[in-house]
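Asker: Sending over work.cif (mmCIF, C-alpha atoms).
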```cif
data_input
#
loop_
_atom_site.label_atom_id
_atom_site.label_comp_id
_atom_site.auth_asym_id
_atom_site.auth_seq_id
_atom_site.Cartn_x
_atom_site.Cartn_y
_atom_site.Cartn_z
CA MET A 4 15.35 14.44 44.17
CA VAL A 5 17.33 17.63 43.47
CA LEU A 6 20.69 17.83 45.20
CA VAL A 7 22.32 20.98 46.45
CA ALA A 8 25.85 20.11 47.59
CA VAL A 9 26.99 22.22 50.53
CA LEU A 10 30.73 22.20 51.21
CA LEU A 11 31.35 23.00 54.85
CA PHE A 12 34.85 23.01 56.26
CA SER A 13 36.05 25.35 58.96
CA VAL A 14 39.68 25.66 57.81
CA ASP A 15 40.69 27.69 54.78
CA ALA A 16 44.04 27.95 53.01
CA GLN A 17 45.01 31.14 54.84
CA ALA A 18 44.67 29.42 58.21
CA ILE A 19 47.54 26.98 57.68
CA SER A 20 51.24 27.46 57.03
CA ALA A 21 51.64 24.71 54.41
CA GLN A 22 52.29 25.56 50.76
CA LYS A 23 50.67 22.26 49.74
CA ALA A 24 48.26 20.15 51.72
CA ILE A 25 45.49 17.59 51.66
CA LEU A 26 43.09 16.06 54.18
CA MET A 27 41.47 12.80 53.10
CA ASP A 28 38.95 10.50 54.72
CA SER A 29 40.63 7.17 54.07
CA THR A 30 37.49 5.29 55.11
CA THR A 31 35.66 6.62 52.04
CA GLY A 32 38.44 8.19 49.96
CA ARG A 33 36.79 11.62 50.12
CA VAL A 34 39.10 14.62 49.95
CA ILE A 35 37.88 17.10 52.56
CA PHE A 36 40.50 19.80 52.03
CA GLU A 37 43.22 20.34 49.46
CA GLN A 38 45.64 23.02 48.40
CA ARG A 39 48.04 22.55 45.46
CA ALA A 40 47.78 18.84 46.21
CA ASP A 41 48.98 17.67 42.78
CA GLU A 42 52.16 19.73 42.50
CA GLU A 43 55.31 17.58 42.51
CA SER A 44 57.66 18.18 45.44
CA LEU A 45 60.67 16.81 47.19
CA ILE A 46 59.38 14.60 49.99
CA ALA A 47 62.40 13.98 52.23
CA SER A 48 61.94 11.19 54.80
CA THR A 49 58.24 10.69 54.09
CA THR A 50 59.78 8.50 51.37
CA LYS A 51 60.21 5.94 54.15
CA ILE A 52 56.46 5.26 54.14
CA MET A 53 56.95 3.42 50.86
CA THR A 54 60.20 1.85 52.08
CA ALA A 55 58.47 0.41 55.16
CA LEU A 56 55.41 -0.69 53.19
CA VAL A 57 57.45 -2.65 50.65
CA VAL A 58 59.50 -4.27 53.42
CA CYS A 59 56.35 -5.20 55.38
CA GLN A 60 54.88 -6.85 52.30
CA GLN A 61 58.04 -8.56 51.05
CA CYS A 62 59.86 -9.68 54.20
CA ASN A 63 59.32 -11.67 57.38
CA VAL A 64 59.75 -9.14 60.17
CA LEU A 65 61.37 -11.80 62.35
CA ASP A 66 64.20 -12.32 59.84
CA ARG A 67 67.62 -11.42 61.17
CA VAL A 68 69.67 -8.95 59.13
CA ARG A 69 73.44 -8.59 59.29
CA ILE A 70 74.22 -4.92 58.73
CA PRO A 71 76.41 -4.41 55.64
CA GLU A 72 79.19 -1.83 55.38
CA GLU A 73 77.14 0.06 52.77
CA ALA A 74 74.48 0.86 55.38
CA VAL A 75 76.83 2.45 57.89
CA GLY A 76 77.56 6.16 58.15
CA ILE A 77 74.78 7.33 55.84
CA GLU A 78 74.32 11.11 55.96
CA GLY A 79 71.40 12.63 57.79
CA SER A 80 69.28 11.11 60.55
CA SER A 81 70.51 7.75 61.80
CA MET A 82 69.99 4.93 64.27
CA TYR A 83 73.79 4.51 64.27
CA LEU A 84 74.09 0.99 62.92
CA LYS A 85 77.40 -0.83 63.21
CA PRO A 86 78.81 -3.05 60.46
CA GLY A 87 78.22 -6.74 61.16
CA GLU A 88 75.68 -6.27 63.96
CA ILE A 89 72.48 -8.27 63.64
CA LEU A 90 68.99 -6.87 64.04
CA THR A 91 65.60 -8.17 63.01
CA VAL A 92 63.64 -6.62 60.17
CA GLN A 93 61.13 -5.35 62.73
CA GLU A 94 63.85 -3.65 64.78
CA LEU A 95 65.14 -1.95 61.64
CA LEU A 96 61.60 -0.85 60.82
CA TYR A 97 61.40 0.84 64.21
CA GLY A 98 64.69 2.60 63.52
CA LEU A 99 63.41 3.59 60.10
CA MET A 100 60.01 4.98 61.13
CA LEU A 101 60.54 6.22 64.69
CA HIS A 102 64.07 7.62 64.39
CA SER A 103 64.00 8.18 60.62
CA GLY A 104 67.24 6.23 60.25
CA ASN A 105 68.71 6.67 56.78
CA ASP A 106 71.08 3.84 57.64
CA ALA A 107 68.14 1.57 58.50
CA ALA A 108 66.60 2.45 55.13
CA VAL A 109 69.72 1.34 53.26
CA ALA A 110 70.09 -1.85 55.34
CA LEU A 111 66.47 -2.82 54.66
CA ALA A 112 66.75 -1.91 50.98
CA ILE A 113 69.79 -4.11 50.47
CA TYR A 114 68.21 -6.96 52.42
CA ALA A 115 64.89 -6.83 50.54
CA GLY A 116 66.06 -5.76 47.09
CA GLY A 117 69.67 -6.93 46.82
CA THR A 118 70.84 -3.40 46.07
CA VAL A 119 69.57 0.09 46.79
CA GLU A 120 68.84 0.49 43.08
CA GLY A 121 66.95 -2.79 42.96
CA PHE A 122 64.86 -1.79 45.96
CA ALA A 123 64.08 1.61 44.42
CA GLN A 124 62.66 -0.29 41.46
CA MET A 125 60.45 -2.26 43.85
CA MET A 126 59.25 1.03 45.33
CA ASN A 127 58.39 2.39 41.89
CA ASP A 128 56.61 -0.84 40.96
CA LYS A 129 54.45 -0.44 44.05
CA ALA A 130 53.79 3.21 43.22
CA ARG A 131 52.51 2.16 39.78
CA ALA A 132 50.35 -0.56 41.33
CA LEU A 133 48.78 2.07 43.61
CA GLU A 134 48.34 4.43 40.62
CA LEU A 135 50.49 7.12 42.17
CA LYS A 136 50.85 9.01 38.91
CA ASN A 137 53.10 11.83 40.14
CA THR A 138 55.51 9.82 42.28
CA HIS A 139 58.98 8.47 41.57
CA PHE A 140 61.66 7.14 43.92
CA GLU A 141 65.44 7.16 43.50
CA ASN A 142 66.36 5.93 46.99
CA PRO A 143 64.76 4.41 50.12
CA ASN A 144 65.52 7.26 52.54
CA GLY A 145 64.39 10.46 50.82
CA LEU A 146 67.72 12.25 50.50
CA ASP A 147 67.24 14.89 47.80
CA ALA A 148 67.88 13.48 44.33
CA PRO A 149 66.85 14.47 40.79
CA GLY A 150 63.68 12.61 39.84
CA HIS A 151 62.78 11.78 43.44
CA HIS A 152 59.39 13.38 44.10
CA SER A 153 55.74 12.95 44.98
CA THR A 154 52.65 15.05 45.72
CA ALA A 155 50.44 15.64 48.72
CA ARG A 156 47.66 13.62 47.09
CA ASP A 157 49.88 10.66 46.24
CA LEU A 158 51.35 10.61 49.75
CA ALA A 159 47.85 10.60 51.23
CA VAL A 160 46.79 7.68 49.05
CA LEU A 161 50.00 5.82 49.93
CA ALA A 162 49.63 6.44 53.66
CA ALA A 163 45.96 5.41 53.67
CA TYR A 164 46.90 2.15 51.96
CA ALA A 165 49.91 1.53 54.20
CA MET A 166 47.86 2.03 57.37
CA GLU A 167 45.80 -1.01 56.39
CA ASP A 168 48.90 -3.18 56.89
CA PRO A 169 48.93 -4.30 60.56
CA ILE A 170 52.73 -4.46 60.85
CA PHE A 171 53.17 -1.03 59.32
CA ARG A 172 50.43 0.42 61.53
CA LYS A 173 51.90 -1.11 64.68
CA THR A 174 55.34 0.25 63.80
CA VAL A 175 54.36 3.86 63.09
CA SER A 176 52.03 4.09 66.08
CA THR A 177 54.71 3.01 68.56
CA LYS A 178 55.77 5.94 70.74
CA GLN A 179 58.92 4.52 72.32
CA ILE A 180 60.86 1.26 72.19
CA LYS A 181 64.16 -0.19 73.38
CA ILE A 182 66.26 -2.08 70.86
CA GLY A 183 69.34 -3.55 72.51
CA ASP A 184 71.02 -0.53 74.09
CA ARG A 185 69.14 1.90 71.83
CA TYR A 186 66.14 3.87 73.12
CA LEU A 187 64.04 5.11 70.22
CA THR A 188 61.35 7.79 70.57
CA ASN A 189 58.94 8.48 67.73
CA HIS A 190 59.58 11.89 66.13
CA ASN A 191 55.85 12.26 65.41
CA LYS A 192 54.65 14.66 68.14
CA LEU A 193 51.02 14.23 67.08
CA LEU A 194 50.98 10.84 68.82
CA TRP A 195 50.99 12.79 72.09
CA ARG A 196 48.99 15.82 70.98
CA VAL A 197 46.02 14.65 68.88
CA GLU A 198 43.29 12.26 70.01
CA GLY A 199 43.40 9.07 67.98
CA ALA A 200 46.72 9.87 66.27
CA GLU A 201 48.41 6.70 65.00
CA GLY A 202 51.31 7.76 62.72
CA VAL A 203 52.71 8.28 60.09
CA LYS A 204 56.01 10.06 59.20
CA THR A 205 57.96 13.28 59.46
CA GLY A 206 60.39 14.62 56.88
CA PHE A 207 62.81 17.52 56.44
CA THR A 208 65.58 18.70 54.19
CA LYS A 209 66.63 22.29 53.53
CA ALA A 210 65.44 22.02 49.94
CA ALA A 211 62.14 20.28 50.74
CA GLY A 212 61.24 22.11 53.93
CA ARG A 213 59.16 20.50 56.66
CA ILE A 214 56.92 17.68 55.44
CA LEU A 215 54.49 15.71 57.55
CA VAL A 216 52.13 12.82 56.86
CA SER A 217 49.75 11.97 59.69
CA SER A 218 46.89 9.61 60.39
CA ALA A 219 44.28 9.64 63.14
CA GLN A 220 41.33 7.36 63.85
CA ARG A 221 38.18 7.99 65.88
CA ASP A 222 35.11 5.79 66.10
CA GLY A 223 36.37 3.58 63.29
CA ARG A 224 36.95 6.52 60.94
CA ARG A 225 40.47 7.31 59.73
CA LEU A 226 41.69 10.66 58.40
CA VAL A 227 45.02 11.11 56.63
CA CYS A 228 46.65 14.52 56.39
CA VAL A 229 49.69 15.65 54.37
CA THR A 230 51.45 19.00 54.45
CA ILE A 231 54.45 19.98 52.33
CA ASN A 232 56.75 22.90 53.14
CA ALA A 233 54.82 23.79 56.29
CA PRO A 234 56.78 25.78 58.93
CA ASP A 235 54.02 25.18 61.50
CA ASP A 236 53.15 21.62 60.50
CA TRP A 237 52.23 20.28 63.96
CA ASN A 238 49.55 22.91 64.41
CA ASP A 239 48.45 22.61 60.78
CA HIS A 240 47.77 18.90 61.25
CA ALA A 241 46.14 19.28 64.65
CA GLN A 242 43.76 21.87 63.23
CA LEU A 243 42.97 20.02 59.99
CA LEU A 244 42.41 16.67 61.68
CA GLU A 245 40.25 18.13 64.43
CA GLN A 246 38.04 19.99 61.98
CA GLY A 247 37.88 17.01 59.66
CA PHE A 248 36.41 14.89 62.44
CA GLN A 249 34.15 17.70 63.60
CA ASP A 250 32.78 18.97 60.28
CA TYR A 251 32.30 15.65 58.50
CA SER A 252 30.97 12.29 59.57
CA VAL A 253 30.54 9.02 57.74
CA LYS A 254 26.88 8.29 57.15
CA PRO A 255 25.23 5.24 55.59
CA ILE A 256 23.60 6.17 52.29
CA VAL A 257 22.64 2.73 51.03
CA TYR A 258 22.18 -0.42 53.09
CA GLU A 259 22.67 -3.90 51.69
CA GLU A 260 19.34 -5.30 50.43
CA ASP A 261 17.73 -1.84 50.23
CA VAL A 262 15.06 -1.56 47.53
CA LEU A 263 16.32 1.29 45.34
CA GLY A 264 13.56 1.17 42.74
CA TYR A 265 11.33 -0.96 40.54
CA ARG A 266 11.12 -1.82 36.87
CA PRO A 267 8.00 -2.85 34.94
CA VAL A 268 7.94 -6.36 33.51
CA VAL A 269 6.21 -7.06 30.19
CA GLY A 270 4.51 -10.41 29.75
CA GLY A 271 5.12 -11.59 33.30
CA ASP A 272 3.03 -13.02 36.09
CA ALA A 273 3.91 -9.87 38.09
CA ALA A 274 3.75 -6.31 36.83
CA LYS A 275 7.11 -5.17 38.27
CA VAL A 276 10.30 -6.33 39.97
CA ALA A 277 12.33 -4.67 42.72
CA LEU A 278 15.93 -3.46 42.25
CA ILE A 279 17.95 -4.52 45.30
CA ALA A 280 21.29 -3.10 46.51
CA GLN A 281 23.81 -5.93 46.54
CA GLU A 282 26.02 -4.11 49.05
CA GLY A 283 25.95 -1.07 51.32
CA PHE A 284 27.63 2.28 50.80
CA SER A 285 28.68 4.98 53.29
CA TYR A 286 30.37 8.32 52.75
CA ALA A 287 31.78 11.25 54.73
CA LEU A 288 29.25 14.06 54.59
CA ALA A 289 29.02 17.57 55.98
CA GLU A 290 25.83 18.83 57.57
CA GLY A 291 23.42 19.75 54.81
CA GLU A 292 24.86 17.50 52.11
CA VAL A 293 22.25 15.14 50.66
CA PRO A 294 23.36 12.56 48.09
CA GLU A 295 21.15 11.47 45.21
CA ILE A 296 20.68 7.92 43.88
CA ARG A 297 20.61 7.52 40.10
CA LEU A 298 19.78 4.16 38.57
CA ASP A 299 21.62 2.89 35.52
CA CYS A 300 19.60 -0.08 34.31
CA ARG A 301 16.96 -1.03 31.73
CA GLU A 302 13.75 0.99 31.80
CA PHE A 303 11.55 -2.10 31.43
CA LEU A 304 12.01 -5.88 31.21
CA TYR A 305 10.53 -8.79 29.35
CA ALA A 306 9.67 -11.89 31.36
CA PRO A 307 11.18 -14.12 32.55
CA VAL A 308 13.24 -12.31 35.20
CA THR A 309 15.43 -14.29 37.60
CA GLU A 310 15.83 -13.35 41.23
CA GLY A 311 19.42 -12.41 42.09
CA ALA A 312 20.43 -11.74 38.48
CA ASP A 313 22.48 -8.66 37.59
CA ALA A 314 20.14 -5.66 37.31
CA GLY A 315 22.63 -2.83 36.61
CA VAL A 316 24.09 -0.28 39.02
CA ALA A 317 23.02 2.60 41.20
CA TYR A 318 25.28 5.66 41.19
CA VAL A 319 25.50 7.74 44.35
CA MET A 320 25.83 11.38 43.33
CA LEU A 321 26.93 14.47 45.24
CA GLY A 322 26.14 17.33 42.93
CA ASP A 323 27.43 16.28 39.52
CA LYS A 324 30.13 14.02 41.00
CA ILE A 325 29.84 10.25 41.29
CA ILE A 326 30.93 9.32 44.82
CA GLY A 327 29.84 5.68 44.82
CA LYS A 328 28.63 2.79 42.70
CA VAL A 329 26.36 0.06 44.08
CA PRO A 330 25.61 -3.12 42.08
CA LEU A 331 21.94 -4.03 41.74
CA ILE A 332 20.19 -7.39 41.52
CA TYR A 333 16.58 -8.31 40.88
CA GLY A 334 14.61 -8.87 44.05
CA GLY A 335 12.31 -11.60 42.75
CA THR A 336 11.55 -14.04 39.97
CA VAL A 337 8.91 -13.10 37.41
CA GLU A 338 7.74 -15.98 35.21
CA GLN A 339 6.26 -15.57 31.78
CA LYS A 340 2.49 -15.24 31.89
CA LYS A 341 0.78 -18.43 30.66
CA GLU A 342 -1.39 -17.76 27.64
CA THR A 343 -5.03 -18.77 28.12
CA GLU A 344 -6.58 -20.80 25.31
CA LYS A 345 -8.58 -18.45 23.12
CA LYS A 346 -12.13 -19.45 22.15
CA SER A 347 -13.09 -19.31 18.47
CA ILE A 348 -15.82 -16.93 17.35
CA PHE A 349 -18.13 -19.90 16.71
CA GLU A 350 -17.64 -21.17 20.28
CA GLY A 351 -18.58 -17.79 21.50
CA TRP A 352 -21.74 -17.62 19.44
CA PHE A 353 -23.01 -21.07 20.23
CA GLY A 354 -21.80 -21.32 23.82
CA GLY A 355 -19.25 -24.00 23.07
#
```
Output the file's structure in the form of structure tokens.

Answerer:
Amino acid sequence: MVLVAVLLFSVDAQAISAQKAILMDSTTGRVIFEQRADEESLIASTTKIMTALVVCQQCNVLDRVRIPEEAVGIEGSSMYLKPGEILTVQELLYGLMLHSGNDAAVALAIYAGGTVEGFAQMMNDKARALELKNTHFENPNGLDAPGHHSTARDLAVLAAYAMEDPIFRKTVSTKQIKIGDRYLTNHNKLLWRVEGAEGVKTGFTKAAGRILVSSAQRDGRRLVCVTINAPDDWNDHAQLLEQGFQDYSVKPIVYEEDVLGYRPVVGGDAAKVALIAQEGFSYALAEGEVPEIRLDCREFLYAPVTEGADAGVAYVMLGDKIIGKVPLIYGGTVEQKKETEKKSIFEGWFGG
């Protein structure tokens, strides 16, 4: 089948205010829209996505934390921690992600990593594990610092991964919460404005500009959007997310146990064997996009063939790009054909 890939998206670069942006379908990993998505930038408080993720994975959120002097009076946004007061890790996470508390970031960093520097190393270790190639952290709060940077693409990959963590997801999707005598309201206005919005984080410094990472889910499909230096970021995200859900939908391309082809068998008690998809594959497609299946396996086989054995892979192609890889197995057993006893020429002549 010949594929003509049709890229349909209703938003172009001139329609948004962001200098750099990306919209990604985190269900499939497909990038729907991007603009200068790999240029390194200051990322301000969107840094706290990694801070919260590392804490969620390394700490018990019910642990009680005594606030150290080093975490009090940090410049910038704050939840106004007091030295010696005790809060749980979860309460500090709310202060970190809803109120963007730089003091909460330092308190959590010291608790989880011993020192701010030690925690920054943990953040960078996680960035390497996630293959965020253009990301480096110097602190847990995102205050401007030499060498502290990321990209729109890396932030999207990070946010998509973080949203799979139930504690992280619960934290960033919370609109309002009371912690002691503190009333915290989430700074993310999209939670009230966009259907299915569920996070993730705002950010701003004078040098970085307005930065926003958002996530929204509808019908089991999650989109992640990142804008960097976007004066009108709320409207940028609302427009990109809405069009992403409208213009693209996840469609099944291969079902588990689909027969994707056959291969001839030489010397077997059957002439061919089926190639079976070992798992299913779905992808976000625009109207008019038709993927192609290309088989990467042997052209023919010699008997015996064992049912369920590795048969190669099927690549799912969109144009000249591989968008998926499905392992194949053989759909049946083909035994070697039993040789019949040949009669001698004399037996043939004399009817033996």

Asker: Using all atoms listed in the file, find the one residue out of A:Ile25, A:Ala18, A:Leu194, A:Ile332 that sits nearest to Gly247 of chain A.

Answerer: A:Ile25

Asker: Pick the closest to Thr138 of chain A from A:Glu198, A:Gln93, A:Asp157, A:Gly327: which is it, counting only C-alpha atoms?

Answerer: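 Among the listed residues, the smallest separation from Thr138 of chain A belongs to A:Asp157.
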
Asker: Given the PyMOL selection byres ((chain A and resi 288) around 9) and the file above, list the residues it selects as a PDB file with C-alpha atoms, in the coordinates of the input.

Answerer:
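out-v7.pdb written:
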```pdb
ATOM      1  CA  LEU A  10      30.730  22.200  51.210  1.00  0.00           C
ATOM      2  CA  ASP A 250      32.780  18.970  60.280  1.00  0.00           C
ATOM      3  CA  TYR A 251      32.300  15.650  58.500  1.00  0.00           C
ATOM      4  CA  SER A 252      30.970  12.290  59.570  1.00  0.00           C
ATOM      5  CA  VAL A 253      30.540   9.020  57.740  1.00  0.00           C
ATOM      6  CA  LYS A 254      26.880   8.290  57.150  1.00  0.00           C
ATOM      7  CA  TYR A 286      30.370   8.320  52.750  1.00  0.00           C
ATOM      8  CA  ALA A 287      31.780  11.250  54.730  1.00  0.00           C
ATOM      9  CA  ALA A 289      29.020  17.570  55.980  1.00  0.00           C
ATOM     10  CA  GLU A 290      25.830  18.830  57.570  1.00  0.00           C
ATOM     11  CA  GLY A 291      23.420  19.750  54.810  1.00  0.00           C
ATOM     12  CA  GLU A 292      24.860  17.500  52.110  1.00  0.00           C
ATOM     13  CA  VAL A 293      22.250  15.140  50.660  1.00  0.00           C
ATOM     14  CA  PRO A 294      23.360  12.560  48.090  1.00  0.00           C
TER      15      PRO A 294
END
```

Asker: Name the closest residue to Asp239 of chain A among the candidates A:Ile180, A:Val58, A:Val257, A:Val197; distances are taken between atoms, counting all atoms listed in the file.

Answerer: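 Among the listed residues, A:Val197 lies closest to Asp239 of chain A.
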
Asker: Convert the output of the PyMOL selection byres ((chain A and resi 297) around 7) on the shown file into explicit residues, formatted as a ChimeraX atom specification.

Answerer: /A:295-296,298-299,317-319

Asker: Kindly give the distance, in Å, that separates atom CA of Pro267 of chain A and atom CA of Tyr333 of chain A, rounded to a single decimal.

Answerer: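 Going from atom CA of Pro267 of chain A over to atom CA of Tyr333 of chain A covers 11.8 Å.
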
Asker: Could you state which residues are captured by the PyMOL selection byres ((chain A and resi 115-130) around 7) in this file, as a list in words?

Answerer: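 For this structure, the PyMOL selection byres ((chain A and resi 115-130) around 7) captures Met53, Thr54, Val57, Val58, Cys62, Val109, Leu111, Ala112, Ile113, Tyr114, Arg131, Ala132, Leu133, Glu134, Leu135, Thr138, His139, Phe140, Glu141, Asn142 and Pro143 of chain A.
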
Asker: If you keep C-alpha atoms, can you produce a file of those selected residues as an mmCIF file, in the coordinates of the input?

Answerer:
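Full text of selection.cif as output:
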```
data_model
loop_
_atom_site.group_PDB
_atom_site.id
_atom_site.type_symbol
_atom_site.label_atom_id
_atom_site.label_comp_id
_atom_site.auth_asym_id
_atom_site.auth_seq_id
_atom_site.Cartn_x
_atom_site.Cartn_y
_atom_site.Cartn_z
ATOM 1 C CA MET A 53 56.950 3.420 50.860
ATOM 2 C CA THR A 54 60.200 1.850 52.080
ATOM 3 C CA VAL A 57 57.450 -2.650 50.650
ATOM 4 C CA VAL A 58 59.500 -4.270 53.420
ATOM 5 C CA CYS A 62 59.860 -9.680 54.200
ATOM 6 C CA VAL A 109 69.720 1.340 53.260
ATOM 7 C CA LEU A 111 66.470 -2.820 54.660
ATOM 8 C CA ALA A 112 66.750 -1.910 50.980
ATOM 9 C CA ILE A 113 69.790 -4.110 50.470
ATOM 10 C CA TYR A 114 68.210 -6.960 52.420
ATOM 11 C CA ARG A 131 52.510 2.160 39.780
ATOM 12 C CA ALA A 132 50.350 -0.560 41.330
ATOM 13 C CA LEU A 133 48.780 2.070 43.610
ATOM 14 C CA GLU A 134 48.340 4.430 40.620
ATOM 15 C CA LEU A 135 50.490 7.120 42.170
ATOM 16 C CA THR A 138 55.510 9.820 42.280
ATOM 17 C CA HIS A 139 58.980 8.470 41.570
ATOM 18 C CA PHE A 140 61.660 7.140 43.920
ATOM 19 C CA GLU A 141 65.440 7.160 43.500
ATOM 20 C CA ASN A 142 66.360 5.930 46.990
ATOM 21 C CA PRO A 143 64.760 4.410 50.120
#
```

Asker: Give me, please, the distance in Å between atom CA of Gln220 of chain A and atom CA of Asp236 of chain A, quoted to one decimal.

Answerer: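 A separation of 18.8 Å between them.
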
Asker: Taking 5 positions as the minimum chain separation for residues in the same chain, which residues sit within 7 Å of Pro307 of chain A when counting all atoms listed in the file? Answer as a ChimeraX atom specification.

Answerer: /A:271,337-339

Asker: Could you check the closest approach to Lys340 of chain A for each of A:Val308, A:Ala155, A:Ala47, A:Phe248 and tell me which residue wins, using only C-alpha atoms?

Answerer: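 Nearest candidate to Lys340 of chain A out of A:Val308, A:Ala155, A:Ala47, A:Phe248: A:Val308.
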
Asker: Could you give me, as an NGL selection string, the residues within 12 Å of Ala165 of chain A, counting only C-alpha atoms and dropping anything in the same chain fewer than 3 positions from it?

Answerer: :A and (29 or 51-60 or 129-130 or 133 or 158-162 or 168-175 or 202-204 or 216-218 or 227)
